[in-house]
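Content type PDB, C-alpha atoms, from the file query.pdb:
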ATOM      1  CA  MET A   1     107.940 134.409 107.978
ATOM      2  CA  LEU A   2     106.335 132.531 105.174
ATOM      3  CA  TYR A   3     102.988 130.879 105.391
ATOM      4  CA  PHE A   4     101.638 128.752 102.592
ATOM      5  CA  CYS A   5      98.157 127.325 102.485
ATOM      6  CA  ILE A   6      96.158 125.300  99.989
ATOM      7  CA  VAL A   7      92.449 126.043 100.275
ATOM      8  CA  GLY A   8      89.844 123.724  98.794
ATOM      9  CA  THR A   9      86.721 124.606  96.909
ATOM     10  CA  ARG A  10      84.733 124.794 100.131
ATOM     11  CA  ASP A  11      87.129 127.297 101.710
ATOM     12  CA  ASN A  12      88.583 124.505 103.826
ATOM     13  CA  PRO A  13      92.339 124.375 104.359
ATOM     14  CA  ILE A  14      93.770 121.268 102.768
ATOM     15  CA  TYR A  15      97.406 121.839 103.524
ATOM     16  CA  GLU A  16      99.380 124.350 105.560
ATOM     17  CA  LEU A  17     103.044 125.088 105.781
ATOM     18  CA  GLU A  18     104.948 127.631 107.846
ATOM     19  CA  LEU A  19     108.482 128.499 107.108
ATOM     20  CA  PRO A  20     110.565 130.800 109.225
ATOM     21  CA  THR A  21     112.649 133.110 107.095
ATOM     22  CA  THR A  22     116.339 132.408 106.878
ATOM     23  CA  THR A  23     117.383 135.305 109.141
ATOM     24  CA  SER A  24     118.020 133.894 112.574
ATOM     25  CA  ALA A  25     115.121 134.416 114.909
ATOM     26  CA  PRO A  26     115.506 136.188 118.281
ATOM     27  CA  PRO A  27     114.681 134.211 121.461
ATOM     28  CA  THR A  28     111.246 135.716 121.777
ATOM     29  CA  ALA A  29     110.441 134.285 118.384
ATOM     30  CA  ALA A  30     108.547 131.303 119.762
ATOM     31  CA  ALA A  31     105.729 133.421 121.131
ATOM     32  CA  LYS A  32     105.822 135.597 118.086
ATOM     33  CA  GLU A  33     105.618 132.580 115.792
ATOM     34  CA  ALA A  34     102.586 131.213 117.570
ATOM     35  CA  GLU A  35     100.877 134.556 117.210
ATOM     36  CA  HIS A  36     101.879 134.673 113.573
ATOM     37  CA  ASN A  37     100.210 131.370 112.894
ATOM     38  CA  HIS A  38      96.760 132.565 113.891
ATOM     39  CA  LEU A  39      97.380 135.852 112.213
ATOM     40  CA  SER A  40      98.422 134.154 108.987
ATOM     41  CA  GLN A  41      95.258 132.150 108.917
ATOM     42  CA  PHE A  42      93.161 135.268 109.390
ATOM     43  CA  ILE A  43      95.073 137.028 106.660
ATOM     44  CA  VAL A  44      94.542 134.196 104.259
ATOM     45  CA  HIS A  45      90.889 133.923 105.142
ATOM     46  CA  SER A  46      90.177 137.550 104.511
ATOM     47  CA  ALA A  47      92.081 137.432 101.253
ATOM     48  CA  LEU A  48      89.913 134.595  99.987
ATOM     49  CA  ASP A  49      87.085 136.936  98.982
ATOM     50  CA  ILE A  50      89.432 139.023  96.920
ATOM     51  CA  VAL A  51      90.782 135.905  95.267
ATOM     52  CA  GLU A  52      87.314 134.714  94.386
ATOM     53  CA  GLU A  53      86.596 138.010  92.673
ATOM     54  CA  SER A  54      89.846 138.339  90.812
ATOM     55  CA  MET A  55      89.956 134.771  89.588
ATOM     56  CA  TRP A  56      87.101 135.433  87.193
ATOM     57  CA  ALA A  57      88.696 138.583  85.857
ATOM     58  CA  THR A  58      91.637 136.784  84.321
ATOM     59  CA  ASN A  59      92.382 133.544  82.559
ATOM     60  CA  GLN A  60      95.737 133.262  84.261
ATOM     61  CA  MET A  61      96.219 130.874  87.149
ATOM     62  CA  TYR A  62      98.759 133.064  88.911
ATOM     63  CA  LEU A  63      97.066 136.076  90.504
ATOM     64  CA  LYS A  64     100.151 137.763  91.900
ATOM     65  CA  VAL A  65      99.707 139.846  95.015
ATOM     66  CA  VAL A  66      96.026 140.142  95.827
ATOM     67  CA  ASP A  67      96.087 141.718  99.254
ATOM     68  CA  ARG A  68      98.322 143.476 101.743
ATOM     69  CA  PHE A  69      98.208 143.463 105.515
ATOM     70  CA  ASN A  70     100.725 145.693 107.265
ATOM     71  CA  GLU A  71     103.967 144.369 105.892
ATOM     72  CA  HIS A  72     102.549 141.044 104.770
ATOM     73  CA  HIS A  73     101.704 140.385 101.167
ATOM     74  CA  VAL A  74      99.329 137.704 100.031
ATOM     75  CA  SER A  75      99.929 136.054  96.689
ATOM     76  CA  ALA A  76      97.456 133.692  95.185
ATOM     77  CA  TYR A  77      97.272 131.042  92.491
ATOM     78  CA  VAL A  78      94.076 129.325  91.434
ATOM     79  CA  THR A  79      94.080 125.827  89.933
ATOM     80  CA  PRO A  80      91.618 124.818  87.234
ATOM     81  CA  SER A  81      89.730 122.697  89.731
ATOM     82  CA  GLY A  82      89.156 125.662  92.038
ATOM     83  CA  ALA A  83      91.767 124.978  94.672
ATOM     84  CA  LYS A  84      93.553 128.119  95.826
ATOM     85  CA  PHE A  85      97.196 128.315  96.751
ATOM     86  CA  MET A  86      97.789 131.227  99.136
ATOM     87  CA  LEU A  87     101.178 132.483 100.179
ATOM     88  CA  VAL A  88     101.743 135.054 102.907
ATOM     89  CA  HIS A  89     105.146 136.608 102.576
ATOM     90  CA  ASP A  90     107.108 139.775 103.070
ATOM     91  CA  ALA A  91     107.788 142.002 100.135
ATOM     92  CA  VAL A  92     111.202 140.538  99.441
ATOM     93  CA  GLY A  93     111.988 138.913  96.122
ATOM     94  CA  GLY A  94     111.727 135.232  95.453
ATOM     95  CA  ASP A  95     110.168 133.534  92.546
ATOM     96  CA  VAL A  96     106.626 133.128  93.749
ATOM     97  CA  ARG A  97     105.219 132.112  90.387
ATOM     98  CA  SER A  98     107.660 129.227  89.932
ATOM     99  CA  PHE A  99     106.962 128.129  93.465
ATOM    100  CA  PHE A 100     103.244 127.972  92.733
ATOM    101  CA  VAL A 101     103.756 126.160  89.439
ATOM    102  CA  ASP A 102     105.963 123.484  90.999
ATOM    103  CA  VAL A 103     103.575 122.967  93.879
ATOM    104  CA  HIS A 104     100.723 122.689  91.399
ATOM    105  CA  GLU A 105     102.517 119.813  89.696
ATOM    106  CA  LEU A 106     102.923 118.063  93.031
ATOM    107  CA  TYR A 107      99.295 118.735  93.877
ATOM    108  CA  VAL A 108      98.153 117.109  90.639
ATOM    109  CA  LYS A 109     100.185 114.013  91.482
ATOM    110  CA  VAL A 110      98.541 113.810  94.886
ATOM    111  CA  LEU A 111      95.116 114.055  93.274
ATOM    112  CA  LEU A 112      95.975 111.170  90.955
ATOM    113  CA  ASN A 113      96.377 108.921  93.970
ATOM    114  CA  PRO A 114      93.199 106.807  94.027
ATOM    115  CA  PHE A 115      93.076 106.959  97.803
ATOM    116  CA  SER A 116      93.009 110.746  98.009
ATOM    117  CA  GLU A 117      89.840 112.816  98.122
ATOM    118  CA  ILE A 118      89.550 116.039  96.202
ATOM    119  CA  ASN A 119      88.815 118.342  99.114
ATOM    120  CA  GLY A 120      90.427 116.131 101.713
ATOM    121  CA  PRO A 121      93.463 117.114 103.795
ATOM    122  CA  ILE A 122      96.837 116.231 102.380
ATOM    123  CA  ASN A 123      98.634 114.280 105.066
ATOM    124  CA  SER A 124     101.393 112.786 103.016
ATOM    125  CA  GLN A 125     104.874 113.194 104.463
ATOM    126  CA  LEU A 126     106.368 112.982 101.017
ATOM    127  CA  PHE A 127     104.293 115.930  99.832
ATOM    128  CA  ASP A 128     105.360 117.983 102.838
ATOM    129  CA  VAL A 129     109.036 117.260 102.294
ATOM    130  CA  LYS A 130     108.820 118.093  98.622
ATOM    131  CA  VAL A 131     106.954 121.362  99.177
ATOM    132  CA  ARG A 132     109.586 122.448 101.683
ATOM    133  CA  GLY A 133     112.239 121.643  99.100
ATOM    134  CA  ILE A 134     110.467 123.719  96.481
ATOM    135  CA  ALA A 135     110.038 126.583  98.927
ATOM    136  CA  ARG A 136     113.737 126.552  99.717
ATOM    137  CA  LYS A 137     114.525 126.541  96.053
ATOM    138  CA  HIS A 138     112.341 129.455  94.992
ATOM    139  CA  LEU A 139     111.829 131.620  98.023
TER     140      LEU A 139
ATOM    141  CA  MET B   1     102.641  74.376  79.531
ATOM    142  CA  GLN B   2     101.992  70.986  81.194
ATOM    143  CA  GLY B   3     105.080  69.177  82.252
ATOM    144  CA  THR B   4     106.165  67.116  85.211
ATOM    145  CA  PRO B   5     108.007  69.415  87.563
ATOM    146  CA  GLN B   6     111.681  68.701  87.394
ATOM    147  CA  PRO B   7     114.447  69.918  89.607
ATOM    148  CA  ARG B   8     115.231  73.221  88.103
ATOM    149  CA  SER B   9     117.504  72.830  85.172
ATOM    150  CA  THR B  10     118.726  75.901  83.403
ATOM    151  CA  GLY B  11     115.698  75.409  81.151
ATOM    152  CA  SER B  12     116.627  75.224  77.531
ATOM    153  CA  SER B  13     118.327  78.511  76.843
ATOM    154  CA  MET B  14     117.226  78.318  73.235
ATOM    155  CA  GLN B  15     113.683  78.343  74.446
ATOM    156  CA  MET B  16     114.454  81.314  76.652
ATOM    157  CA  GLN B  17     115.935  83.219  73.730
ATOM    158  CA  ARG B  18     112.877  82.474  71.692
ATOM    159  CA  ASN B  19     110.666  83.581  74.543
ATOM    160  CA  LYS B  20     112.341  86.915  74.786
ATOM    161  CA  GLN B  21     112.157  87.507  71.047
ATOM    162  CA  SER B  22     108.600  86.384  70.906
ATOM    163  CA  GLY B  23     107.548  88.542  73.823
ATOM    164  CA  ASP B  24     109.212  91.659  72.467
ATOM    165  CA  ASP B  25     107.799  91.072  69.032
ATOM    166  CA  ILE B  26     104.246  90.546  70.203
ATOM    167  CA  TRP B  27     104.429  93.601  72.456
ATOM    168  CA  LYS B  28     105.667  95.760  69.613
ATOM    169  CA  ASN B  29     103.467  94.606  66.819
ATOM    170  CA  ARG B  30     100.488  92.624  67.839
ATOM    171  CA  THR B  31      98.964  94.243  70.855
ATOM    172  CA  ASP B  32      96.632  97.208  71.058
ATOM    173  CA  LYS B  33      97.826  99.796  73.481
ATOM    174  CA  ILE B  34      95.989 102.108  75.843
ATOM    175  CA  SER B  35      97.180 105.006  77.937
ATOM    176  CA  ALA B  36      99.120 103.866  80.974
ATOM    177  CA  GLU B  37      97.627 106.665  83.042
ATOM    178  CA  LEU B  38      94.098 105.642  82.170
ATOM    179  CA  PHE B  39      94.902 102.063  83.097
ATOM    180  CA  ALA B  40      96.506 102.990  86.402
ATOM    181  CA  LEU B  41      93.682 105.376  87.306
ATOM    182  CA  THR B  42      91.039 102.772  86.434
ATOM    183  CA  TYR B  43      92.708 100.125  88.553
ATOM    184  CA  GLY B  44      93.197 102.688  91.299
ATOM    185  CA  SER B  45      89.535 103.583  91.469
ATOM    186  CA  LEU B  46      88.693  99.885  91.447
ATOM    187  CA  VAL B  47      90.839  99.278  94.499
ATOM    188  CA  ALA B  48      89.655 102.451  96.223
ATOM    189  CA  GLN B  49      86.037 101.413  95.703
ATOM    190  CA  LEU B  50      86.710  97.909  97.022
ATOM    191  CA  VAL B  51      88.301  99.453 100.072
ATOM    192  CA  LYS B  52      85.211 101.574 100.667
ATOM    193  CA  ASP B  53      82.846  98.645 100.115
ATOM    194  CA  TYR B  54      84.584  95.969 102.137
ATOM    195  CA  GLU B  55      86.350  97.972 104.832
ATOM    196  CA  GLU B  56      88.481  94.947 105.831
ATOM    197  CA  TYR B  57      91.734  94.997 103.913
ATOM    198  CA  SER B  58      92.143  91.236 104.000
ATOM    199  CA  GLU B  59      88.740  90.938 102.350
ATOM    200  CA  VAL B  60      89.836  93.387  99.651
ATOM    201  CA  ASN B  61      92.901  91.225  99.019
ATOM    202  CA  THR B  62      90.659  88.183  98.622
ATOM    203  CA  GLN B  63      88.347  89.973  96.217
ATOM    204  CA  LEU B  64      91.240  91.204  94.100
ATOM    205  CA  ASP B  65      92.525  87.661  93.921
ATOM    206  CA  LYS B  66      89.111  86.345  92.845
ATOM    207  CA  MET B  67      88.804  88.991  90.155
ATOM    208  CA  GLY B  68      92.264  88.156  88.946
ATOM    209  CA  TYR B  69      91.384  84.484  88.859
ATOM    210  CA  ASN B  70      88.490  85.154  86.502
ATOM    211  CA  ILE B  71      90.628  87.373  84.329
ATOM    212  CA  GLY B  72      93.422  84.813  84.195
ATOM    213  CA  GLY B  73      91.171  82.020  83.052
ATOM    214  CA  ARG B  74      90.166  84.080  80.021
ATOM    215  CA  LEU B  75      93.493  85.733  79.453
ATOM    216  CA  ILE B  76      95.266  82.453  78.896
ATOM    217  CA  GLU B  77      93.261  81.883  75.715
ATOM    218  CA  ASP B  78      94.337  85.221  74.338
ATOM    219  CA  PHE B  79      97.890  84.500  75.396
ATOM    220  CA  ILE B  80      98.056  81.173  73.613
ATOM    221  CA  ALA B  81      96.387  82.575  70.530
ATOM    222  CA  LYS B  82      98.791  85.500  70.244
ATOM    223  CA  SER B  83     101.959  83.729  71.191
ATOM    224  CA  GLY B  84     101.336  80.420  69.489
ATOM    225  CA  LEU B  85     103.405  78.679  72.141
ATOM    226  CA  THR B  86     102.926  75.030  72.957
ATOM    227  CA  LYS B  87     103.768  73.045  76.063
ATOM    228  CA  CYS B  88     106.615  74.102  78.271
ATOM    229  CA  GLY B  89     109.192  71.436  78.953
ATOM    230  CA  SER B  90     109.626  72.220  82.613
ATOM    231  CA  PHE B  91     108.388  74.482  85.358
ATOM    232  CA  ALA B  92     111.455  76.609  84.775
ATOM    233  CA  ASP B  93     110.332  77.108  81.196
ATOM    234  CA  THR B  94     106.901  78.002  82.473
ATOM    235  CA  ALA B  95     108.389  80.638  84.738
ATOM    236  CA  ASP B  96     110.446  82.084  81.950
ATOM    237  CA  THR B  97     107.472  82.156  79.591
ATOM    238  CA  ILE B  98     105.320  83.892  82.191
ATOM    239  CA  SER B  99     107.870  86.608  82.633
ATOM    240  CA  LYS B 100     109.195  87.184  79.149
ATOM    241  CA  VAL B 101     106.109  86.530  77.090
ATOM    242  CA  GLY B 102     103.100  86.774  79.383
ATOM    243  CA  PHE B 103     103.918  89.859  81.410
ATOM    244  CA  LYS B 104     105.639  91.456  78.465
ATOM    245  CA  MET B 105     102.629  91.027  76.249
ATOM    246  CA  PHE B 106     100.040  92.366  78.636
ATOM    247  CA  LEU B 107     101.863  94.884  80.777
ATOM    248  CA  GLY B 108     105.020  95.601  78.853
ATOM    249  CA  ILE B 109     107.267  94.599  81.738
ATOM    250  CA  THR B 110     109.511  91.603  82.371
ATOM    251  CA  PRO B 111     109.801  90.750  86.057
ATOM    252  CA  ALA B 112     112.980  88.963  87.058
ATOM    253  CA  ILE B 113     112.820  85.337  88.135
ATOM    254  CA  SER B 114     114.759  84.297  91.200
ATOM    255  CA  ASN B 115     114.772  82.498  94.542
ATOM    256  CA  TRP B 116     114.129  79.057  93.184
ATOM    257  CA  SER B 117     113.432  76.516  95.901
ATOM    258  CA  ALA B 118     115.551  73.387  96.139
ATOM    259  CA  ASP B 119     112.878  71.155  94.653
ATOM    260  CA  GLY B 120     112.275  73.523  91.766
ATOM    261  CA  LYS B 121     108.627  73.988  92.617
ATOM    262  CA  GLU B 122     108.707  77.549  93.835
ATOM    263  CA  PHE B 123     110.112  80.763  92.421
ATOM    264  CA  SER B 124     109.813  84.482  92.874
ATOM    265  CA  LEU B 125     108.944  87.195  90.408
ATOM    266  CA  ILE B 126     110.676  90.463  91.224
ATOM    267  CA  PHE B 127     109.118  93.597  89.735
ATOM    268  CA  ASP B 128     111.269  96.656  89.281
ATOM    269  CA  GLU B 129     108.346  98.580  87.867
ATOM    270  CA  ASN B 130     104.613  98.155  88.157
ATOM    271  CA  PRO B 131     102.284 100.011  85.790
ATOM    272  CA  LEU B 132      99.369  99.481  88.155
ATOM    273  CA  THR B 133     100.859 101.638  90.870
ATOM    274  CA  GLU B 134     101.597 104.963  89.166
ATOM    275  CA  PHE B 135     100.838 107.844  91.538
ATOM    276  CA  VAL B 136      99.616 105.542  94.289
ATOM    277  CA  GLU B 137     100.387 106.176  97.920
ATOM    278  CA  LEU B 138      98.748 103.863 100.412
ATOM    279  CA  PRO B 139      96.896 105.409 103.351
ATOM    280  CA  ASP B 140      98.425 104.563 106.723
ATOM    281  CA  GLU B 141      95.892 101.936 107.797
ATOM    282  CA  ALA B 142      96.287 100.123 104.504
ATOM    283  CA  VAL B 143     100.053  99.940 104.540
ATOM    284  CA  ARG B 144     100.226  96.915 106.809
ATOM    285  CA  GLU B 145      97.498  94.828 105.265
ATOM    286  CA  LEU B 146      96.621  95.698 101.691
ATOM    287  CA  TRP B 147      98.377  94.048  98.753
ATOM    288  CA  TYR B 148      97.505  96.667  96.173
ATOM    289  CA  SER B 149      98.391  94.643  93.078
ATOM    290  CA  ASN B 150      96.910  91.412  94.344
ATOM    291  CA  ILE B 151      94.927  91.066  91.160
ATOM    292  CA  LEU B 152      98.168  89.895  89.527
ATOM    293  CA  CYS B 153      98.323  86.898  91.855
ATOM    294  CA  GLY B 154      94.810  85.925  90.877
ATOM    295  CA  VAL B 155      95.588  86.286  87.184
ATOM    296  CA  LEU B 156      98.588  83.990  87.471
ATOM    297  CA  ARG B 157      96.624  81.454  89.454
ATOM    298  CA  GLY B 158      93.678  81.478  87.031
ATOM    299  CA  ALA B 159      95.776  81.324  83.901
ATOM    300  CA  LEU B 160      98.000  78.519  85.126
ATOM    301  CA  GLU B 161      95.044  76.495  86.283
ATOM    302  CA  MET B 162      93.696  76.538  82.742
ATOM    303  CA  VAL B 163      96.896  74.888  81.582
ATOM    304  CA  LEU B 164      96.565  72.337  84.345
ATOM    305  CA  LEU B 165      99.059  73.684  86.831
ATOM    306  CA  GLN B 166      97.638  74.370  90.241
ATOM    307  CA  VAL B 167      99.687  77.094  91.878
ATOM    308  CA  GLU B 168      99.593  79.319  94.915
ATOM    309  CA  CYS B 169     100.589  82.909  94.309
ATOM    310  CA  THR B 170     101.146  85.398  97.047
ATOM    311  CA  PHE B 171     102.824  88.741  97.497
ATOM    312  CA  VAL B 172     105.902  88.679  99.666
ATOM    313  CA  SER B 173     106.827  92.337  99.606
ATOM    314  CA  ASP B 174     105.711  95.541  97.906
ATOM    315  CA  VAL B 175     107.441  98.884  97.468
ATOM    316  CA  LEU B 176     104.089 100.586  98.146
ATOM    317  CA  ARG B 177     104.377  99.238 101.665
ATOM    318  CA  GLY B 178     107.862 100.603 102.067
ATOM    319  CA  ASP B 179     109.677  97.353 101.281
ATOM    320  CA  ASP B 180     112.764  97.332  99.104
ATOM    321  CA  SER B 181     111.243  95.400  96.260
ATOM    322  CA  THR B 182     107.973  94.084  94.905
ATOM    323  CA  GLU B 183     107.965  90.308  94.931
ATOM    324  CA  ILE B 184     105.399  87.595  94.150
ATOM    325  CA  ARG B 185     106.052  84.028  95.261
ATOM    326  CA  VAL B 186     104.714  81.345  92.913
ATOM    327  CA  LYS B 187     104.416  77.829  94.268
ATOM    328  CA  LEU B 188     103.453  74.776  92.223
ATOM    329  CA  VAL B 189     101.009  72.673  94.223
ATOM    330  CA  ARG B 190     100.312  69.937  91.718
ATOM    331  CA  VAL B 191      99.801  69.149  88.092
ATOM    332  CA  LEU B 192      96.138  68.653  87.372
ATOM    333  CA  ASP B 193      94.518  65.887  85.360
ATOM    334  CA  GLU B 194      92.703  66.759  82.187
ATOM    335  CA  GLU B 195      89.276  67.043  83.803
ATOM    336  CA  VAL B 196      89.390  70.193  85.835
ATOM    337  CA  PRO B 197      86.249  70.464  87.984
ATOM    338  CA  ALA B 198      84.381  73.704  87.389
ATOM    339  CA  SER B 199      85.640  76.180  89.935
ATOM    340  CA  ASP B 200      82.904  77.345  92.251
ATOM    341  CA  GLU B 201      84.208  80.924  92.521
TER     342      GLU B 201
END

Rewrite the structure of this file - the entire thing - as structure tokens.
Amino acid sequence: MLYFCIVGTRDNPIYELELPTTTSAPPTAAAKEAEHNHLSQFIVHSALDIVEESMWATNQMYLKVVDRFNEHHVSAYVTPSGAKFMLVHDAVGGDVRSFFVDVHELYVKVLLNPFSEINGPINSQLFDVKVRGIARKHL
Amino acid sequence: MQGTPQPRSTGSSMQMQRNKQSGDDIWKNRTDKISAELFALTYGSLVAQLVKDYEEYSEVNTQLDKMGYNIGGRLIEDFIAKSGLTKCGSFADTADTISKVGFKMFLGITPAISNWSADGKEFSLIFDENPLTEFVELPDEAVRELWYSNILCGVLRGALEMVLLQVECTFVSDVLRGDDSTEIRVKLVRVLDEEVPASDE
């Protein structure tokens, strides 16, 4: 179960994406997935404090794994403008850094759209499709 | 560029060759350039601000056209000064000049000319690229009503009026709206007499 979230400078979620992992899900997965969604949001929320602390300790944008919750790992990436990309994932491999970098590029393009607002929600279908493509590619 | 509108001949192809050369040459050597991103972002914030101020998309279209009209009236002077061109022999020549010299000089693109009407008084400009629309995605409510690059229609209208051709310019389709192509329809209304009354816009 992968959960990706972009959080704005006011700790507001700008974009969310859930991706079931490739292993086929058992029939009870639907209830489990719904539970996971709320859980993922809590996980991300509690990790935000840690991200805020660690982002000043380094001049890198990629913060690697900042927090753990049971078997879930939280990786974070902070953009120069203060937006935070949070990924909740299991400990398996997958190129998280490249994922973040590619999404960052997409995010910049969205920001360049004159009709978008900096902390506003990203509703673009195109963005969603592209992020899913990047996730499939790297994770 | 004054000339009585004739049924569209092939224009003089010599003139068209010269136009292309002239346009390319001016673009390469005699124009100052700015960053395309800066230009697109500036135009983008202009449109976004108009949208916030006017709220009605049809009103935004009108305002863009008015702004373009004012720009066109001034731009034509610069155009004639840089290109050194004199009158066009026919409306077909005018169309060709607009595309190969005018657009080339100011935006670095050459829209294709097509869809001539039977009487030779209307044609379409088809844009395969538009430097104004880099990075732009229209919000859902705007998609049906806003012509994002409408300033171009105003510019054409204003510039041609200064050379005594009264035209109507409207967008027919736009890739930003999900259409297959971006197309402006230019229609010659009439050739004006020398005394053009001061426009009250």

To verify the selection step, state as a count of residues only which residues the PyMOL selection byres ((chain B and resi 105-113) around 10) yields on this input. 44

Residues near range 50-66 of chain A, anyone? I mean within 7 Å using all atoms listed in the file, not counting same-chain ones fewer than 2 positions away, as a ChimeraX atom specification. /A:47-48,73-79,97

Which residue gives the smallest distance to Tyr148 in chain B among B:Met16, B:Ala81, B:Ile71, B:Leu50, with all atoms listed in the file counted? B:Leu50

Can you work out which residues from chain B touch chain A at a cut-off of 8 Å (counting all atoms listed in the file) and hand them back as a PyMOL selection string? chain B and resi 41+44-45+47-48+135-139

Apply the PyMOL selection byres ((chain A and resi 45) around 12) to the displayed file and report the matching residues as a VMD selection string. chain A and resid 5 to 7 11 to 13 38 to 44 46 to 52 67 74 76 84 to 88

I'd like to see the residues matched by the PyMOL selection byres ((chain B and resi 73) around 10) on this file, and ideally I'd get them as a short mmCIF file (atom, residue, chain, number, x, y, z; two decimals) with C-alpha atoms, in the frame of the given file.
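That gives us part_14.cif:
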data_model
loop_
_atom_site.label_atom_id
_atom_site.label_comp_id
_atom_site.auth_asym_id
_atom_site.auth_seq_id
_atom_site.Cartn_x
_atom_site.Cartn_y
_atom_site.Cartn_z
CA GLY B 68 92.26 88.16 88.95
CA TYR B 69 91.38 84.48 88.86
CA ASN B 70 88.49 85.15 86.50
CA ILE B 71 90.63 87.37 84.33
CA GLY B 72 93.42 84.81 84.20
CA ARG B 74 90.17 84.08 80.02
CA LEU B 75 93.49 85.73 79.45
CA ILE B 76 95.27 82.45 78.90
CA GLU B 77 93.26 81.88 75.72
CA ASP B 78 94.34 85.22 74.34
CA GLY B 154 94.81 85.92 90.88
CA VAL B 155 95.59 86.29 87.18
CA LEU B 156 98.59 83.99 87.47
CA ARG B 157 96.62 81.45 89.45
CA GLY B 158 93.68 81.48 87.03
CA ALA B 159 95.78 81.32 83.90
CA LEU B 160 98.00 78.52 85.13
CA GLU B 161 95.04 76.50 86.28
CA MET B 162 93.70 76.54 82.74
CA VAL B 163 96.90 74.89 81.58
#

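Between CA of Ala142 in chain B and CA of Val129 in chain A the separation is 21.5 Å.
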
Please measure the separation of CA of Phe99 in chain A and CA of Glu37 in chain B, giving the value in Å to one decimal. 25.6 Å

Show me the residues close to (89.7, 118.3, 98.4) - anything with an atom within 8 Å, counting all atoms listed in the file - and format the list as number ranges by chain. A: 8-9, 14, 83, 117-121

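Relative to CA of Thr86 in chain B, CA of Lys121 in chain B is found at 20.5 Å.
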
Extract, using only C-alpha atoms, all DNA, RNA and protein residues at most 10 Å from Leu17 in chain A, discarding same-chain residues fewer than 3 positions from it, and format them as a PyMOL selection string. chain A and resi 2-6+37+87+128+131-132+135

Is it possible to produce a file of range 99-114 of chain B from this structure, with N, CA and C atoms, as a short mmCIF file (atom, residue, chain, number, x, y, z; two decimals), in the first residue's frame?
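Wrote it out as selection_19.cif, contents follow:
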data_model
loop_
_atom_site.label_atom_id
_atom_site.label_comp_id
_atom_site.auth_asym_id
_atom_site.auth_seq_id
_atom_site.Cartn_x
_atom_site.Cartn_y
_atom_site.Cartn_z
N SER B 99 1.46 36.19 -41.81
CA SER B 99 1.98 34.96 -41.25
C SER B 99 3.50 34.90 -41.29
N LYS B 100 4.07 35.15 -42.48
CA LYS B 100 5.50 34.90 -42.60
C LYS B 100 6.37 36.02 -42.08
N VAL B 101 5.88 37.23 -42.13
CA VAL B 101 6.70 38.34 -41.65
C VAL B 101 6.23 38.83 -40.28
N GLY B 102 4.93 39.11 -40.19
CA GLY B 102 4.40 39.67 -38.95
C GLY B 102 4.57 38.75 -37.76
N PHE B 103 3.93 37.58 -37.83
CA PHE B 103 4.02 36.66 -36.70
C PHE B 103 5.44 36.19 -36.47
N LYS B 104 6.17 36.02 -37.56
CA LYS B 104 7.54 35.54 -37.43
C LYS B 104 8.39 36.56 -36.67
N MET B 105 8.16 37.81 -37.00
CA MET B 105 8.99 38.86 -36.41
C MET B 105 8.73 39.03 -34.92
N PHE B 106 7.46 38.94 -34.55
CA PHE B 106 7.13 39.25 -33.15
C PHE B 106 7.03 38.05 -32.25
N LEU B 107 6.67 36.90 -32.79
CA LEU B 107 6.52 35.74 -31.93
C LEU B 107 7.40 34.57 -32.35
N GLY B 108 8.05 34.72 -33.50
CA GLY B 108 8.92 33.64 -33.94
C GLY B 108 8.21 32.43 -34.48
N ILE B 109 6.91 32.56 -34.78
CA ILE B 109 6.17 31.43 -35.32
C ILE B 109 5.57 31.82 -36.67
N THR B 110 5.27 30.81 -37.50
CA THR B 110 4.57 31.11 -38.75
C THR B 110 3.33 30.24 -38.84
N PRO B 111 2.17 30.80 -38.47
CA PRO B 111 0.94 30.02 -38.57
C PRO B 111 0.63 29.71 -40.04
N ALA B 112 -0.01 28.59 -40.26
CA ALA B 112 -0.36 28.21 -41.63
C ALA B 112 -1.63 28.92 -42.05
N ILE B 113 -1.73 29.20 -43.34
CA ILE B 113 -2.91 29.90 -43.86
C ILE B 113 -3.76 28.88 -44.62
N SER B 114 -5.05 28.86 -44.33
CA SER B 114 -5.87 27.88 -45.03
C SER B 114 -7.32 28.31 -45.00
#
